[in-house]
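Each remark here refers to the structure printed beneath this line.
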Amino acid sequence: MRKKLYWELGILILMIGLISTFVFLPRELSLIDYYAQVPFERNKLREQVIQDQPYSEAALAARMFLARYDTSDSEELEALKAALKYHPNSPALLVWLARKTIMDFPKESVAYGTKALRLLPNSSENSLLYPGMYTPFEDAHNSLGIAYQYLGDYESALFHLKEAQRLFKPTNDAFGDKVRSRSYVSNIAGIESGNPIHKPRERQPNNK
């Protein structure tokens with residue numbers, strides 16, 4: 001009888017241990033929002049999850065955080081492109097790359113934004129991966145609307161700007177909302193009047 005009691009007690013302790021492993025698992029290693037928002041003191045944890053789970057959504061969030069906040073402006077784009085090798089079909093990463101490449105690499109911006117729009121309808125990515133005030137669809141359309149202007153394709157630019165404007169939703173940032181709304185109005189009006197705000201950029205002279 002006593003032996004049976006010890007046996008049952010042992011099983012109970014084992015079960016409690018297993019449950020505790022999952023219930024009390026450190027949030028830093030299990031929840032993506034920590035990688036998207038926690039302070040810089042967590043950078044070692046971010047680097048650890050990148051090493052241990054390189055293709056996971058947590059690693060994606062860690063890479064995006066480090067690219068945005070732990071690199072110089074000139075290094076950020078390269079860090080985001082490096083992340084793309086591990087997460088080639090991440091709409092969040094593609095949306096961010098589309099925004100970062102608008103001015104200097106509009107063709108790349110169009111490629112990133114177009115792919116993001118294709119993947120977004122079936123995406124289950126955590127919403128915390130999308131930085132800023134925009135929804136991912138609005139963000140992608142806005143980037144395409146500006147990038148196409150730099151490429152001189154004003155018909156495509158107008159389509160995407162109107163889509164972004166249609167998808168616009170007010171946030172708690174009244175000033176930011178006003179800036180976004182005015183940006184859509186001025187960009188659309190500029191194209192329709194034949195005087196677009198963003199025009200194709202001239203090639204820089206080759207000094208060689």
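As shown in the structure tokens, the chain order sets the letters A, B, ...; within each chain, residues go from 1, and ligands are also counted from 1 in the order they appear.
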Practice problem: Might you pull out every residue within 8 Å of stretch 155-172 of chain A, with only C-alpha atoms counted and same-chain residues fewer than 3 positions away left off, and present them as a list in words? | Solution: Met133, Tyr134, Phe137, Glu138, Asp139, Ala140, His141, Asn142, Leu144, Gly145, Ile146, Ala147, Tyr148, Gln149, Asp177, Ser181, Tyr184, Asn187, Ile188 and Ile191 of chain A
Exercise. Enumerate, as a PyMOL selection string, the complete set of residues in stretch 71-179 of chain A that a backbone-based DSSP assignment places in helix (DSSP H, G or I).
Key: chain A and resi 73-84+91-100+106-122+127-129+136-150+154-167+174-179
Quiz item: Using only C-alpha atoms, which of the listed residues (A:His198, A:Tyr150, A:Ala111, A:Tyr69) sits closest to A:Ser186?
Solution: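 Result for the nearest residue to A:Ser186: A:His198.
Excluding A:Leu120 itself and same-chain residues fewer than 4 positions from it, the residues having an atom within 9 Å of it are A:Ser90, A:Pro91, A:Ala92, A:Lys115, A:Ala116, A:Ser124, A:Glu125, A:Pro136, A:Phe137, counting only C-alpha atoms.
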Would you mind listing, for every residue of stretch 97-132 of chain A within 9 Å of stretch 76-87 of chain A, the two atoms forming the shortest contact and the distance between them in Å to one decimal, using only C-alpha atoms, sorted by chain and ascending residue number, as CSV?
residue,atom,partner,partner_atom,distance
A:Leu97,CA,A:Leu80,CA,7.0
A:Lys100,CA,A:Leu77,CA,6.9
A:Thr101,CA,A:Leu77,CA,8.0
Suppose we keep C-alpha atoms; can you now write the selection as a PDB file, in the first residue's frame?
ATOM      1  CA  LEU A  97      11.742  46.643 -46.585  1.00  0.00           C
ATOM      2  CA  LYS A 100      12.983  51.478 -46.337  1.00  0.00           C
ATOM      3  CA  THR A 101      13.817  51.243 -50.059  1.00  0.00           C
TER       4      THR A 101
END
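Rounded to one decimal, atom CA of A:Gly113 and atom CA of A:Ala58 lie 22.4 Å from each other.
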Practice problem: Could you tell me how far atom CA of A:Tyr154 lies from atom CA of A:Trp96, in Å and to one decimal? | Solution: 22.3 Å
Quiz item: atom CA of A:Arg46 and atom CA of A:Ala62 are how many Å apart?
Solution: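 Value for the atom CA of A:Arg46-atom CA of A:Ala62 distance: 5.1 Å.
Using only C-alpha atoms, the shortest contact distance between A:Lys107 and any of A:Asp52, A:Glu57, A:Asp70, A:Asp153 is found at A:Asp153.
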